[in-house]
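**Student:** I have a structure here, written as C-alpha cells, and I will follow up with some questions on it.
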Amino acid sequence: MILLQAPAELDNGEPCTEVRPDQARRVFGPAFAALDLGTNNCRMLVGTPSGNGFRVLDSFSRIVRLGEGLHATGMLNQGAMDRTICALQICAARLGRRPVRGIRAIATEACRRATNGPAFLCRVKQETGFDFGVISSREEAELALESCTPLLPCDGRRALLFDIGGGSTELAWVRLTNGDPHLIGYESLPVGVVTFGGTLGRCRFHAGRVRSDGGRRC
C-alpha cells in the first residue's frame, strides 16, 4: 500500500525503547497514526502536522506475508496470521508510549479475498485493540494516486500509475489539469509479489525463459 510512503526508520526486530536527549526536549503538536496491513507487509507511521505536510515521529515496517498460501486455499493460514498479530502487537506497544489524537487502520487485498478475513480482523481487535477497515480496490488506487501526486509531471496531460502490492496490482489512469490529477479510470489485478511467488513457486529466471528447479517451464 501507498499510505505510508514517507521517510522512515524501518524496524526489523524489537521495539526501540531508547529516547535520545534531543528527542526528550522537543515538543510536537498532536500526533496521528496510520496502519497499513497489506498482503506482504505490515506498516505503521506516526506523524504530526508540519507546514503543508507532516513530520514523521515514529515508523515500523515488517514483512509478514499475510497472504501466503491465499491463492491456493482462499484462506489466511495460521502461521501468517500469528506473524501479523506479533507485528501489530509491537505497533500497539509503540503507540501506548505516545498519545495520539487519531488512528486510521486499513487492510487491503489479503483481507478482501480471504474467506476468514473478517474473523482474523476480529482477532486483531481483541488482541491488539486495532479496528481495521478493509478498503476497496478503488480507494486503494485513489490513495496511491494521492501519495504519488508530487512525482507526476506538472506539464503532462495523462499518466498511468502502477501500484504493485503483495496481493494485487492497481492501475490508475489519470488526467492532469494544470498539474492537478484526476482519477478517470482504474483496474485492479489479483497479482502481487506474494500471489505471483505462490503461483510460480521457486523459479529461476533466465534470459528469454523461466524454468523451475526441476527443469519444468513455469
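In the C-alpha cells, the first chain shown is A, the next is B, and so on; residue numbers restart at 1 for each chain, and ligands run from 1 in the order shown.
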As JSON, numbers by chain, which residues of range 11-165 of chain A does DSSP assign to strand (DSSP E)?

**Tutor:** {"A": [32, 33, 34, 35, 36, 37, 41, 42, 43, 44, 45, 46, 47, 48, 49, 50, 53, 54, 55, 56, 57, 58, 59, 60, 61, 62, 63, 102, 103, 104, 105, 106, 107, 133, 134, 158, 159, 160, 161, 162, 163, 164]}

**Student:** Sorted by chain and rising residue number, list the residues of range 124-197 of chain A at most 8 Å from range 30-40 of chain A (counting only C-alpha atoms), each with its closest atom pair and distance in Å to one decimal, as CSV.

**Tutor:**
```
residue,atom,partner,partner_atom,distance
A:Gly165,CA,A:Thr39,CA,7.3
A:Gly166,CA,A:Thr39,CA,4.7
A:Gly167,CA,A:Thr39,CA,5.3
A:Val193,CA,A:Asn40,CA,7.7
A:Val194,CA,A:Asn40,CA,6.4
```

**Student:** Just how far from CA of Thr48 in chain A is CA of Ile85 in chain A, in Å to one decimal?

**Tutor:** 26.0 Å

**Student:** So that I can check the surroundings of Glu109 in chain A, please list as a list in words every protein, DNA and RNA residue that reaches within 9 Å of it, counting only C-alpha atoms and ignoring chain neighbours fewer than 2 positions away.

**Tutor:**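 Near Glu109 in chain A, the qualifying residues are Gly38, Thr39, Gly67, Ala107, Cys111, Arg112, Arg113, Ala114, Val134, Ile135, Ser136, Ser137, Gly165, Gly166, Gly167, Ser168 and Pro190 of chain A.
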
**Student:** Here is a test: counting only C-alpha atoms, which residue of A:Phe130, A:Phe60, A:Phe54, A:Tyr186 is nearest to Glu142 in chain A?

**Tutor:**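 Of the candidates, the smallest distance to Glu142 in chain A is held by A:Tyr186.
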
**Student:** Quick one: residues within 12 Å of Leu151 in chain A, only C-alpha atoms counted, chain neighbours fewer than 6 positions away excluded, as number ranges by chain?

**Tutor:** A: 144-145, 159, 161, 179-181

**Student:** Using N, CA and C atoms, can you write the selected residues to a file as a compact mmCIF listing (two decimals), in the first residue's frame?

**Tutor:**
```
# COMPACT_ATOMS: atom_id res chain seq x y z
N ALA A 144 -3.08 5.57 -3.72
CA ALA A 144 -1.82 5.51 -4.46
C ALA A 144 -1.61 6.78 -5.26
N LEU A 145 -2.68 7.25 -5.89
CA LEU A 145 -2.59 8.49 -6.66
C LEU A 145 -2.26 9.67 -5.77
N ALA A 159 -1.42 10.28 -17.26
CA ALA A 159 -0.42 9.46 -16.57
C ALA A 159 -1.06 8.11 -16.25
N LEU A 161 -0.55 5.07 -13.59
CA LEU A 161 0.08 4.78 -12.32
C LEU A 161 -0.07 3.30 -11.99
N GLY A 179 -1.48 20.39 -13.64
CA GLY A 179 -0.77 19.70 -12.58
C GLY A 179 -1.66 19.07 -11.54
N ASP A 180 -2.98 19.25 -11.65
CA ASP A 180 -3.92 18.69 -10.68
C ASP A 180 -4.43 17.35 -11.21
N PRO A 181 -4.15 16.23 -10.52
CA PRO A 181 -4.53 14.91 -11.04
C PRO A 181 -5.98 14.55 -10.74
```

**Student:** Please determine, counting only C-alpha atoms, which residue among A:Glu139, A:Val56, A:Glu68, A:Gly47 has the shortest atom-to-atom distance to Thr84 in chain A.

**Tutor:** A:Glu68

**Student:** Go ahead and compute the interatomic distance for CA of Arg104 in chain A and CA of Ala141 in chain A, in Å to one decimal.

**Tutor:**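 Between these atoms lies a distance of 17.2 Å.
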